[in-house]
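Shown here: model-v7.txt, compact mmCIF, C-alpha atoms.
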```
# COMPACT_ATOMS: atom_id res chain seq x y z
CA MET V 36 -10.48 257.28 22.10
CA THR V 37 -8.51 256.35 19.02
CA LEU V 38 -7.84 252.96 20.59
CA VAL V 39 -11.57 252.27 20.91
CA MET V 40 -12.09 253.28 17.30
CA ILE V 41 -9.26 251.06 16.11
CA LEU V 42 -10.71 248.15 18.09
CA THR V 43 -14.12 248.78 16.49
CA THR V 44 -12.51 248.97 13.05
CA MET V 45 -10.81 245.63 13.71
CA ALA V 46 -14.16 244.11 14.71
CA VAL V 47 -15.77 245.41 11.53
CA PHE V 48 -12.86 244.02 9.50
CA ALA V 49 -13.42 240.65 11.19
CA THR V 50 -17.09 240.80 10.15
CA MET V 51 -16.02 241.57 6.60
CA GLY V 52 -13.70 238.56 6.68
CA LEU V 53 -16.51 236.29 7.89
CA ALA V 54 -18.80 237.65 5.17
CA LEU V 55 -16.07 236.99 2.62
CA VAL V 56 -15.80 233.36 3.76
CA ARG V 57 -19.56 232.99 3.29
CA ALA V 58 -19.29 234.62 -0.14
CA LEU V 59 -16.63 232.11 -1.16
CA LYS V 60 -18.45 229.09 0.29
CA GLY V 61 -21.82 229.81 -1.27
CA PRO V 62 -23.62 227.41 -1.68
CA THR V 63 -26.35 229.29 -3.59
CA VAL V 64 -25.76 232.46 -5.57
CA TYR V 65 -28.10 234.28 -3.16
CA ASP V 66 -25.83 233.47 -0.21
CA ARG V 67 -23.02 235.10 -2.12
CA ILE V 68 -25.03 238.22 -2.95
CA LEU V 69 -26.15 238.44 0.69
CA ALA V 70 -22.54 238.22 1.87
CA VAL V 71 -21.45 240.88 -0.64
CA ASN V 72 -24.27 243.10 0.61
CA VAL V 73 -23.05 242.72 4.20
CA PHE V 74 -19.50 243.38 3.02
CA GLY V 75 -20.59 246.60 1.33
CA THR V 76 -22.47 247.86 4.39
CA LYS V 77 -19.42 247.19 6.54
CA THR V 78 -17.27 249.09 4.05
CA VAL V 79 -19.41 252.17 4.67
CA LEU V 80 -18.82 251.81 8.41
CA VAL V 81 -15.09 251.29 7.99
CA VAL V 82 -14.78 254.38 5.80
CA ALA V 83 -16.69 256.42 8.40
CA LEU V 84 -14.48 255.08 11.22
CA ILE V 85 -11.28 255.78 9.29
CA ALA V 86 -12.50 259.32 8.63
CA TYR V 87 -12.66 259.83 12.40
CA ILE V 88 -9.36 258.09 13.18
CA ASN V 89 -7.47 260.17 10.62
CA GLY V 90 -9.46 263.34 11.23
CA HIS V 91 -10.26 263.70 7.54
CA ASP V 92 -13.88 264.83 7.65
CA ASP V 93 -14.12 264.71 3.86
CA LEU V 94 -14.06 260.92 3.90
CA ILE V 95 -17.59 260.98 5.36
CA ASP V 96 -18.79 262.01 1.90
CA VAL V 97 -17.15 258.90 0.48
CA ALA V 98 -19.05 256.78 3.00
CA LEU V 99 -22.29 258.53 2.07
CA VAL V 100 -21.80 257.90 -1.63
CA TYR V 101 -20.75 254.31 -0.98
CA ALA V 102 -23.93 253.71 1.00
CA LEU V 103 -25.92 254.87 -2.03
CA ILE V 104 -23.92 252.88 -4.55
CA ASN V 105 -23.90 249.68 -2.51
CA PHE V 106 -27.68 249.38 -2.51
CA ILE V 107 -27.98 250.03 -6.23
CA ALA V 108 -25.16 247.57 -6.94
CA VAL V 109 -26.82 244.79 -4.93
CA VAL V 110 -30.16 245.25 -6.67
CA ALA V 111 -28.46 245.46 -10.07
CA VAL V 112 -26.42 242.29 -9.49
CA LEU V 113 -29.55 240.54 -8.26
CA LYS V 114 -31.46 241.55 -11.36
CA LEU V 115 -28.57 240.55 -13.60
CA THR V 116 -28.40 237.05 -12.09
CA LYS V 117 -32.19 236.68 -12.34
CA MET V 118 -32.80 238.05 -15.81
CA ARG V 119 -29.37 237.90 -17.49
CA ASP V 120 -30.27 241.40 -18.70
CA LEU V 121 -30.49 244.70 -16.84
CA ALA V 122 -33.03 246.35 -19.14
CA LYS V 123 -35.56 243.56 -19.49
CA ALA V 124 -38.51 243.07 -17.15
CA GLY V 125 -40.71 240.04 -17.04
CA LYS V 126 -41.81 236.91 -15.24
CA GLY V 127 -39.65 235.87 -12.33
CA ASP V 128 -38.13 239.32 -11.97
CA ILE V 129 -37.18 240.57 -8.51
CA THR V 130 -39.86 243.25 -8.86
CA ASP V 131 -42.43 240.60 -9.77
CA GLY V 132 -44.29 240.91 -6.49
CA MET Z 153 -46.94 273.33 -8.24
CA ARG Z 154 -46.89 272.76 -4.48
CA TYR Z 155 -44.90 269.60 -5.01
CA ILE Z 156 -42.38 271.35 -7.24
CA ILE Z 157 -41.75 273.99 -4.57
CA SER Z 158 -41.49 271.45 -1.76
CA LEU Z 159 -39.16 269.26 -3.83
CA THR Z 160 -36.96 272.28 -4.58
CA LEU Z 161 -36.82 273.24 -0.91
CA VAL Z 162 -35.96 269.71 0.22
CA LEU Z 163 -33.26 269.35 -2.43
CA ALA Z 164 -31.79 272.76 -1.55
CA ALA Z 165 -31.68 271.86 2.15
CA LEU Z 166 -30.06 268.53 1.29
CA TRP Z 167 -27.48 270.23 -0.89
CA LEU Z 168 -26.63 272.80 1.82
CA ALA Z 169 -26.29 270.06 4.43
CA VAL Z 170 -24.03 267.89 2.30
CA SER Z 171 -21.89 270.62 0.76
CA GLY Z 172 -20.66 272.67 3.71
CA VAL Z 173 -18.86 275.09 1.35
CA TYR Z 174 -20.71 278.37 0.86
CA LYS Z 175 -18.86 280.34 -1.83
CA PRO Z 176 -20.76 282.12 -4.62
CA LEU Z 177 -19.57 279.87 -7.45
CA ILE Z 178 -20.27 276.66 -5.52
CA LEU Z 179 -23.67 277.95 -4.47
CA MET Z 180 -24.51 278.65 -8.11
CA LEU Z 181 -23.46 275.16 -9.09
CA GLY Z 182 -25.67 273.84 -6.29
CA ALA Z 183 -28.64 275.86 -7.52
CA GLY Z 184 -27.99 274.54 -11.00
CA SER Z 185 -27.94 270.92 -9.83
CA VAL Z 186 -31.17 271.43 -7.87
CA ALA Z 187 -32.80 272.87 -10.98
CA LEU Z 188 -31.51 269.95 -13.06
CA VAL Z 189 -32.91 267.36 -10.64
CA VAL Z 190 -36.30 269.11 -10.48
CA TRP Z 191 -36.42 269.22 -14.29
CA LEU Z 192 -35.48 265.54 -14.54
CA SER Z 193 -38.15 264.62 -11.96
CA LEU Z 194 -40.74 266.54 -13.98
CA ARG Z 195 -39.67 264.70 -17.12
CA MET Z 196 -39.95 261.37 -15.28
CA GLU Z 197 -43.41 262.44 -14.03
CA VAL Z 198 -42.65 261.37 -10.46
CA VAL Z 199 -43.30 264.73 -8.75
CA GLY Z 200 -46.04 264.38 -6.15
CA VAL Z 201 -47.09 260.92 -7.32
CA GLU Z 202 -46.22 259.25 -4.02
CA HIS Z 203 -47.41 262.07 -1.83
CA ASN Z 204 -48.97 260.82 1.37
CA PRO Z 205 -49.88 262.86 4.46
CA VAL Z 206 -48.66 260.00 6.69
CA LEU Z 207 -45.11 260.96 5.76
CA PHE Z 208 -45.41 264.33 7.50
CA SER Z 209 -47.28 263.26 10.59
CA TRP Z 210 -45.92 264.08 14.05
CA ARG Z 211 -46.39 260.39 14.80
CA LEU Z 212 -43.56 259.38 12.47
CA PRO Z 213 -40.64 260.32 14.79
CA LEU Z 214 -42.39 258.60 17.69
CA TYR Z 215 -42.87 255.50 15.58
CA TRP Z 216 -39.19 255.59 14.57
CA LEU Z 217 -38.11 255.81 18.20
CA TRP Z 218 -40.28 252.81 19.05
CA LEU Z 219 -38.91 250.97 15.99
CA VAL Z 220 -35.29 251.64 17.00
CA TRP Z 221 -36.05 250.31 20.47
CA GLN Z 222 -37.69 247.26 18.89
CA ILE Z 223 -34.65 246.77 16.63
CA VAL Z 224 -32.33 246.77 19.64
CA VAL Z 225 -34.48 244.28 21.56
CA THR Z 226 -34.88 241.83 18.66
CA ASN Z 227 -31.19 242.16 17.80
CA ILE Z 228 -30.20 241.05 21.28
CA ASN Z 229 -32.57 238.11 20.96
CA VAL Z 230 -31.12 237.06 17.60
CA ALA Z 231 -27.56 237.56 18.88
CA ARG Z 232 -28.37 235.10 21.68
CA LEU Z 233 -29.72 232.63 19.13
CA ILE Z 234 -26.58 232.98 17.01
CA LEU Z 235 -24.31 232.21 19.94
CA SER Z 236 -26.30 229.05 20.74
CA PRO Z 237 -27.53 227.89 17.33
CA GLY Z 238 -29.12 224.69 18.68
CA ARG Z 239 -32.18 226.69 19.60
CA ILE Z 240 -33.32 228.06 16.26
CA HIS Z 241 -36.66 226.85 14.95
CA PRO Z 242 -37.17 228.51 11.57
CA ARG Z 243 -40.73 228.62 10.32
CA MET Z 244 -42.96 230.32 7.80
CA LEU Z 245 -46.15 232.07 8.80
CA SER Z 246 -48.72 234.46 7.36
CA VAL Z 247 -50.03 237.46 9.22
CA PRO Z 248 -52.96 239.63 8.15
CA VAL Z 249 -52.27 243.16 6.90
CA PRO Z 250 -55.15 245.31 8.19
CA HIS Z 251 -53.91 248.62 6.76
CA LYS Z 252 -55.63 250.54 4.01
CA THR Z 253 -52.98 252.64 2.27
CA ALA Z 254 -50.09 251.25 0.29
CA VAL Z 255 -47.60 253.31 2.28
CA ALA Z 256 -48.73 251.72 5.54
CA LYS Z 257 -48.52 248.22 4.06
CA VAL Z 258 -45.02 248.82 2.79
CA ALA Z 259 -44.00 250.40 6.09
CA TYR Z 260 -45.29 247.29 7.87
CA ALA Z 261 -43.37 244.91 5.60
CA ASN Z 262 -40.22 247.03 5.90
CA SER Z 263 -40.47 247.20 9.68
CA VAL Z 264 -40.91 243.43 9.85
CA THR Z 265 -37.79 242.94 7.77
CA LEU Z 266 -35.86 245.57 9.68
CA THR Z 267 -36.29 243.77 13.00
CA PRO Z 268 -34.00 240.73 12.86
CA GLY Z 269 -35.73 237.43 13.53
CA THR Z 270 -38.44 238.10 10.98
CA VAL Z 271 -38.07 238.65 7.23
CA SER Z 272 -41.04 239.44 5.02
CA LEU Z 273 -41.11 237.22 1.96
CA LEU Z 274 -44.31 238.14 0.13
CA LEU Z 275 -46.69 241.08 0.59
CA THR Z 276 -50.14 240.89 -0.94
CA GLU Z 277 -53.26 243.01 -0.44
CA LYS Z 278 -54.41 241.19 2.68
CA GLU Z 279 -51.52 239.05 3.87
CA LEU Z 280 -47.84 239.13 4.61
CA THR Z 281 -45.80 235.94 4.41
CA VAL Z 282 -42.97 235.98 6.92
CA HIS Z 283 -39.97 233.78 7.62
CA ALA Z 284 -39.31 233.76 11.36
CA LEU Z 285 -36.13 232.55 13.02
CA ASP Z 286 -37.66 231.22 16.23
CA ILE Z 287 -40.95 230.81 18.02
CA GLY Z 288 -40.54 233.94 20.10
CA SER Z 289 -40.24 236.22 17.06
CA ALA Z 290 -43.17 234.49 15.37
CA ARG Z 291 -45.33 234.86 18.49
CA GLU Z 292 -44.47 238.51 18.81
CA LEU Z 293 -45.47 239.17 15.22
CA GLU Z 294 -48.70 237.21 15.58
CA ALA Z 295 -49.55 239.25 18.67
CA GLY Z 296 -49.84 242.18 16.28
CA THR Z 297 -48.18 244.94 18.30
CA MET Z 298 -46.35 246.22 15.26
CA ALA Z 299 -49.46 246.14 13.05
CA GLU Z 300 -51.28 248.20 15.69
CA ARG Z 301 -48.47 250.72 15.77
CA ILE Z 302 -48.56 251.09 12.00
CA ALA Z 303 -52.34 251.49 12.12
CA TRP Z 304 -51.80 254.22 14.72
CA LEU Z 305 -49.24 255.81 12.41
CA GLU Z 306 -51.74 255.61 9.58
CA GLY Z 307 -54.28 257.33 11.81
CA SER Z 308 -56.97 254.67 11.98
CA PRO Z 309 -59.58 255.71 14.56
CA THR Z 310 -60.05 252.24 16.07
CA GLU Z 311 -56.54 251.92 17.45
CA GLN Z 312 -54.97 253.73 20.35
CA PRO Z 313 -51.25 254.39 20.85
CA MET W 51 -17.54 266.12 33.30
CA ALA W 52 -20.45 266.05 30.90
CA GLU W 53 -18.05 265.49 28.05
CA SER W 54 -16.54 262.41 29.61
CA VAL W 55 -20.03 260.94 30.05
CA VAL W 56 -20.67 261.47 26.34
CA ASP W 57 -17.27 259.94 25.58
CA ILE W 58 -17.98 256.82 27.61
CA LEU W 59 -21.42 256.47 26.02
CA SER W 60 -19.82 256.73 22.61
CA TRP W 61 -17.21 254.07 23.51
CA ILE W 62 -19.93 251.73 24.65
CA LEU W 63 -21.90 252.30 21.45
CA LEU W 64 -18.84 251.77 19.23
CA LEU W 65 -17.76 248.58 20.98
CA ALA W 66 -21.33 247.25 21.06
CA GLY W 67 -21.59 247.93 17.35
CA GLY W 68 -18.35 246.07 16.66
CA ALA W 69 -19.50 243.15 18.80
CA ALA W 70 -22.86 243.05 16.98
CA GLY W 71 -21.00 242.97 13.68
CA VAL W 72 -18.82 240.03 14.70
CA ILE W 73 -21.81 238.13 16.12
CA GLY W 74 -23.73 238.69 12.89
CA GLY W 75 -20.73 237.49 10.90
CA ILE W 76 -20.52 234.33 13.01
CA GLY W 77 -24.24 233.79 12.42
CA LEU W 78 -23.71 234.26 8.70
CA LEU W 79 -21.27 231.34 8.82
CA ARG W 80 -23.05 229.06 11.27
CA PHE W 81 -26.70 229.20 10.27
CA PRO W 82 -27.85 226.23 8.20
CA ASP W 83 -29.77 227.70 5.26
CA PHE W 84 -30.17 230.83 3.20
CA TYR W 85 -33.26 232.23 4.93
CA THR W 86 -31.81 231.93 8.42
CA ARG W 87 -28.66 233.65 7.17
CA LEU W 88 -30.85 236.58 6.16
CA HIS W 89 -31.58 237.11 9.86
CA ALA W 90 -27.90 237.01 10.76
CA ALA W 91 -27.17 239.56 8.04
CA GLY W 92 -29.96 241.66 9.51
CA VAL W 93 -28.07 241.88 12.81
CA THR W 94 -24.98 243.30 11.13
CA GLU W 95 -27.00 245.67 9.00
CA THR W 96 -29.20 247.18 11.68
CA LEU W 97 -27.69 247.11 15.17
CA CYS W 98 -24.05 247.29 14.02
CA ALA W 99 -24.63 250.28 11.73
CA LEU W 100 -26.95 251.96 14.22
CA ALA W 101 -24.56 251.69 17.17
CA ILE W 102 -21.36 252.61 15.31
CA LEU W 103 -22.84 255.59 13.48
CA LEU W 104 -24.54 256.91 16.63
CA GLY W 105 -21.28 256.44 18.54
CA LEU W 106 -19.41 258.45 15.91
CA ALA W 107 -22.14 261.11 15.88
CA LEU W 108 -21.70 261.57 19.64
CA GLN W 109 -18.02 262.26 19.01
CA SER W 110 -18.58 265.30 16.84
CA GLY W 111 -21.62 266.82 18.52
CA LEU W 112 -23.79 269.14 16.46
CA SER W 113 -22.08 269.70 13.13
CA LEU W 114 -22.38 269.00 9.43
CA VAL W 115 -20.50 265.74 9.93
CA THR W 116 -23.22 264.55 12.32
CA VAL W 117 -25.87 265.48 9.77
CA LYS W 118 -24.06 263.37 7.20
CA LEU W 119 -23.73 260.46 9.62
CA ILE W 120 -27.46 260.62 10.33
CA MET W 121 -28.10 260.67 6.58
CA ILE W 122 -25.94 257.58 6.12
CA LEU W 123 -27.81 255.88 8.95
CA LEU W 124 -31.24 256.75 7.58
CA PHE W 125 -30.21 255.63 4.15
CA LEU W 126 -28.86 252.30 5.39
CA LEU W 127 -32.00 251.69 7.46
CA PHE W 128 -34.25 252.48 4.50
CA THR W 129 -32.40 250.36 1.97
CA ALA W 130 -31.45 247.34 4.10
CA PRO W 131 -34.98 245.89 4.26
CA THR W 132 -35.51 246.57 0.56
CA ALA W 133 -32.35 244.71 -0.39
CA THR W 134 -33.14 241.88 2.03
CA HIS W 135 -36.67 241.57 0.69
CA ALA W 136 -35.47 241.60 -2.91
CA LEU W 137 -32.98 238.83 -2.09
CA ALA W 138 -35.55 236.71 -0.24
CA ARG W 139 -38.11 237.22 -3.01
CA ALA W 140 -35.64 236.32 -5.74
CA ALA W 141 -34.57 233.19 -3.86
CA MET W 142 -38.19 232.20 -3.32
CA VAL W 143 -39.11 232.66 -6.98
CA ASP W 144 -36.02 230.68 -7.88
CA GLY W 145 -37.18 227.78 -5.70
CA VAL W 146 -34.71 227.87 -2.80
CA GLU W 147 -36.65 225.97 -0.14
CA PRO W 148 -36.49 227.17 3.46
CA GLU W 149 -35.83 224.53 6.11
CA VAL W 150 -38.97 224.69 8.20
CA GLU W 151 -39.73 222.65 11.29
CA GLU W 152 -43.00 220.83 11.85
CA GLU W 153 -45.64 223.06 13.34
CA GLU W 154 -47.79 220.70 15.44
CA GLU W 155 -45.72 219.84 18.46
CA GLU W 156 -44.12 223.24 18.73
CA SER W 157 -47.38 225.09 18.99
CA GLU W 158 -47.89 223.70 22.48
CA SER W 159 -44.40 224.04 23.93
CA THR W 160 -42.62 227.23 24.94
CA PRO W 161 -39.31 228.21 23.30
CA GLY W 162 -37.03 227.05 26.09
CA GLU W 163 -38.50 223.64 26.86
CA ARG W 164 -37.96 221.80 23.66
CA PRO W 165 -34.77 219.74 23.20
CA SER W 166 -32.75 221.09 20.34
CA ASN W 167 -32.36 219.10 17.17
CA THR W 168 -30.80 221.52 14.71
```

Starting from the file, give its structure as structure tokens.
Amino acid sequence: MTLVMILTTMAVFATMGLALVRALKGPTVYDRILAVNVFGTKTVLVVALIAYINGHDDLIDVALVYALINFIAVVAVLKLTKMRDLAKAGKGDITDG
Amino acid sequence: MRYIISLTLVLAALWLAVSGVYKPLILMLGAGSVALVVWLSLRMEVVGVEHNPVLFSWRLPLYWLWLVWQIVVTNINVARLILSPGRIHPRMLSVPVPHKTAVAKVAYANSVTLTPGTVSLLLTEKELTVHALDIGSARELEAGTMAERIAWLEGSPTEQP
Amino acid sequence: MAESVVDILSWILLLAGGAAGVIGGIGLLRFPDFYTRLHAAGVTETLCALAILLGLALQSGLSLVTVKLIMILLFLLFTAPTATHALARAAMVDGVEPEVEEEEEESESTPGERPSNT
């Protein structure tokens, strides 16, 4: 069982590596944010997998919190690159539907 | 008042599920945090604002099951396209949004994005602009199966499951 | 007996999730423009998370850990489209043009028939 989990963890690490390559290559800033978003989601999965491999159930909480933070971080970074200011709202904002 | 009670109950259940430690002191801290969040929500004036009966319909779990199945199917399709990238034909298209409530419209746009192969770009009152990865995904969206399902979820009388 | 069936199901789910992740990562590298990469990212964010978290949930049966895993899953599935949409919207407002093929000749042919040119 542990072997299967380690294999899965390796696969997720490989995905993170590929996302990192895309984050470094760009070319637009949105490609980079997209890659970082994928990287963050995979981090959640890796933390959950490691919790099972080690048998530390408490790590699941870390994964839960990371899932919450990752989303907020992506939206915040997106807003920061769009508006150069986290508090301001206006034309061209990401919430400008 | 109803919304305050339901919010408190949901938060308490959430806290109990996440905590897993049931000692008196910890339970008191949990009750305190629930009270704090309810107070903050009241201050933000968000309690009950987005209430919608659709959210508590028995149809929601059925729709989720169908959506998960749809996610698996479209994922396999996109995975095939990734492994042979010569076949992608990206395109933009607009599909009508026949639903009445805002929740149903947002659920439609979210479901479209959630199934790989189609990403919603712009949602307006009547129309949804979509970027599709290949013709198959575009056709499937134009066929309107998902829109019908959402209408069923919304409870429109003209549609059947 | 029943337990080994659950175990095998969970292995299959875990390995399928890992494979979906790698395929999505390859797509993230190989697809030509930003909007098509959104689809590749979608594969890693939906199927990969779904399969791996369900596979882990099968391992622990009915317990608080499973509840937490389901919460993670629900949260990921609720936020992924929001983040994707915000990204696509921001890129569109910023003027990143999607590479779109001509409509006319494709509308008559079926997906498989057309010679590839991408």

So what do you get for atom CA of Lys114 of chain V versus atom CA of Thr253 of chain Z, distance-wise?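 These two atoms are separated by 27.8 Å.
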
May I ask which of the residues Z:Ala231, Z:Leu217, Z:Ala290, Z:Met153 is the closest one to Thr94 of chain W, counting all atoms listed in the file?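 Closest to Thr94 of chain W, using all atoms listed in the file: Z:Ala231.
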
Take atom CA of Ser110 of chain W and atom CA of Leu126 of chain W and report the distance between them in Å, one decimal.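 If I compute the distance from atom CA of Ser110 of chain W to atom CA of Leu126 of chain W, I get 20.1 Å.
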
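Shell of Gly105 of chain W at 10 Å, with all atoms listed in the file counted and residues fewer than 3 places along the chain excluded, is V:Met40, W:Val56, W:Asp57, W:Ile58, W:Leu59, W:Ser60, W:Trp61, W:Ile62, W:Leu63, W:Leu64, W:Leu65, W:Ala66, W:Gly67, W:Ala99, W:Leu100, W:Ala101, W:Ile102, W:Leu108, W:Gln109, W:Ser110.
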
Name all residues at most 8 Å from Ile76 of chain W (count all atoms listed in the file; drop same-chain ones fewer than 2 positions away) and give them as a PyMOL selection string. (chain V and resi 50+53) or (chain Z and resi 234) or (chain W and resi 72-74+78-80)

With 7 Å as the cut-off and all atoms listed in the file counted, what is the closest atom pair between each nearby residue of chain V and chain W? Distances in Å to one decimal, ordered by chain and number, as a Markdown table.
```
| residue | atom | partner | partner_atom | distance |
| --- | --- | --- | --- | --- |
| V:Val39 | CA | W:Trp61 | CA | 6.5 |
| V:Thr43 | CA | W:Gly68 | CA | 5.0 |
| V:Ala46 | CA | W:Gly68 | CA | 5.0 |
| V:Val47 | CA | W:Gly68 | CA | 5.8 |
| V:Ala49 | CA | W:Val72 | CA | 6.5 |
| V:Thr50 | CA | W:Val72 | CA | 4.9 |
| V:Leu53 | CA | W:Gly75 | CA | 5.3 |
| V:Ala54 | CA | W:Gly75 | CA | 6.0 |
| V:Arg57 | CA | W:Leu79 | CA | 6.0 |
| V:Tyr65 | CA | W:Ala141 | CA | 6.6 |
| V:Asp66 | CA | W:Phe84 | CA | 6.1 |
| V:Val73 | CA | W:Ala91 | CA | 6.5 |
| V:Thr76 | CA | W:Glu95 | CA | 6.8 |
| V:Leu80 | CA | W:Ala99 | CA | 6.9 |
| V:Leu99 | CA | W:Ile122 | CA | 5.5 |
| V:Ala102 | CA | W:Ile122 | CA | 6.7 |
| V:Phe106 | CA | W:Thr129 | CA | 6.6 |
| V:Val110 | CA | W:Ala133 | CA | 6.7 |
| V:Gly127 | CA | W:Val143 | CA | 6.3 |
| V:Ile129 | CA | W:Ala140 | CA | 5.3 |
```

Selection export as a compact mmCIF listing (two decimals), in the coordinates of the input, atoms kept: C-alpha atoms:
```txt
# COMPACT_ATOMS: atom_id res chain seq x y z
CA VAL V 39 -11.57 252.27 20.91
CA THR V 43 -14.12 248.78 16.49
CA ALA V 46 -14.16 244.11 14.71
CA VAL V 47 -15.77 245.41 11.53
CA ALA V 49 -13.42 240.65 11.19
CA THR V 50 -17.09 240.80 10.15
CA LEU V 53 -16.51 236.29 7.89
CA ALA V 54 -18.80 237.65 5.17
CA ARG V 57 -19.56 232.99 3.29
CA TYR V 65 -28.10 234.28 -3.16
CA ASP V 66 -25.83 233.47 -0.21
CA VAL V 73 -23.05 242.72 4.20
CA THR V 76 -22.47 247.86 4.39
CA LEU V 80 -18.82 251.81 8.41
CA LEU V 99 -22.29 258.53 2.07
CA ALA V 102 -23.93 253.71 1.00
CA PHE V 106 -27.68 249.38 -2.51
CA VAL V 110 -30.16 245.25 -6.67
CA GLY V 127 -39.65 235.87 -12.33
CA ILE V 129 -37.18 240.57 -8.51
```

Just to confirm, what's the straight-line distance from atom CA of Trp216 of chain Z to atom CA of Arg232 of chain Z in Å (one decimal)?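 Separation between atom CA of Trp216 of chain Z and atom CA of Arg232 of chain Z: 24.2 Å.
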
Between Z:Val255, Z:Leu293, Z:Ala187, Z:Ile240, which residue has the minimum interatomic distance to chain W, considering only C-alpha atoms? Z:Ile240

Select residues of chain Z: the criterion is any atom within 8 Å of an atom of chain W, counting all atoms listed in the file; output as an mmCIF file with C-alpha atoms, keeping the file's coordinate frame.
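The file below, selection.cif, is the result:
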```
data_model
loop_
_atom_site.group_PDB
_atom_site.id
_atom_site.type_symbol
_atom_site.label_atom_id
_atom_site.label_comp_id
_atom_site.auth_asym_id
_atom_site.auth_seq_id
_atom_site.Cartn_x
_atom_site.Cartn_y
_atom_site.Cartn_z
ATOM 1 C CA ALA Z 169 -26.290 270.060 4.430
ATOM 2 C CA VAL Z 170 -24.030 267.890 2.300
ATOM 3 C CA GLY Z 172 -20.660 272.670 3.710
ATOM 4 C CA ILE Z 223 -34.650 246.770 16.630
ATOM 5 C CA VAL Z 224 -32.330 246.770 19.640
ATOM 6 C CA ASN Z 227 -31.190 242.160 17.800
ATOM 7 C CA VAL Z 230 -31.120 237.060 17.600
ATOM 8 C CA ALA Z 231 -27.560 237.560 18.880
ATOM 9 C CA ILE Z 234 -26.580 232.980 17.010
ATOM 10 C CA LEU Z 235 -24.310 232.210 19.940
ATOM 11 C CA PRO Z 237 -27.530 227.890 17.330
ATOM 12 C CA GLY Z 238 -29.120 224.690 18.680
ATOM 13 C CA ARG Z 239 -32.180 226.690 19.600
ATOM 14 C CA ILE Z 240 -33.320 228.060 16.260
ATOM 15 C CA HIS Z 241 -36.660 226.850 14.950
ATOM 16 C CA PRO Z 242 -37.170 228.510 11.570
ATOM 17 C CA ARG Z 243 -40.730 228.620 10.320
ATOM 18 C CA MET Z 244 -42.960 230.320 7.800
ATOM 19 C CA ASN Z 262 -40.220 247.030 5.900
ATOM 20 C CA SER Z 263 -40.470 247.200 9.680
ATOM 21 C CA THR Z 265 -37.790 242.940 7.770
ATOM 22 C CA LEU Z 266 -35.860 245.570 9.680
ATOM 23 C CA THR Z 267 -36.290 243.770 13.000
ATOM 24 C CA PRO Z 268 -34.000 240.730 12.860
ATOM 25 C CA GLY Z 269 -35.730 237.430 13.530
ATOM 26 C CA THR Z 270 -38.440 238.100 10.980
ATOM 27 C CA VAL Z 271 -38.070 238.650 7.230
ATOM 28 C CA SER Z 272 -41.040 239.440 5.020
ATOM 29 C CA LEU Z 273 -41.110 237.220 1.960
ATOM 30 C CA LEU Z 274 -44.310 238.140 0.130
ATOM 31 C CA HIS Z 283 -39.970 233.780 7.620
ATOM 32 C CA LEU Z 285 -36.130 232.550 13.020
ATOM 33 C CA ASP Z 286 -37.660 231.220 16.230
ATOM 34 C CA ILE Z 287 -40.950 230.810 18.020
ATOM 35 C CA GLY Z 288 -40.540 233.940 20.100
#
```

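Using all atoms listed in the file for every distance, the candidate list Z:Val198, Z:Leu275, Z:Leu179, Z:Leu280 yields Z:Leu275 as the residue closest to chain V.
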
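For Glu277 of chain Z, the set of protein, DNA and RNA residues having any atom at most 12 Å away, when counting only C-alpha atoms and skipping those fewer than 6 positions along the same chain, is V:Gly132, Z:Val247, Z:Pro248, Z:Val249, Z:Pro250, Z:His251, Z:Lys252, Z:Thr253, Z:Ala254, Z:Ala256, Z:Lys257, Z:Val258, Z:Ala261.
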
Could you tell me which of V:Thr78, V:Thr116, V:Thr63, V:Asn72 comes closest to Val100 of chain V if we count all atoms listed in the file? V:Thr78
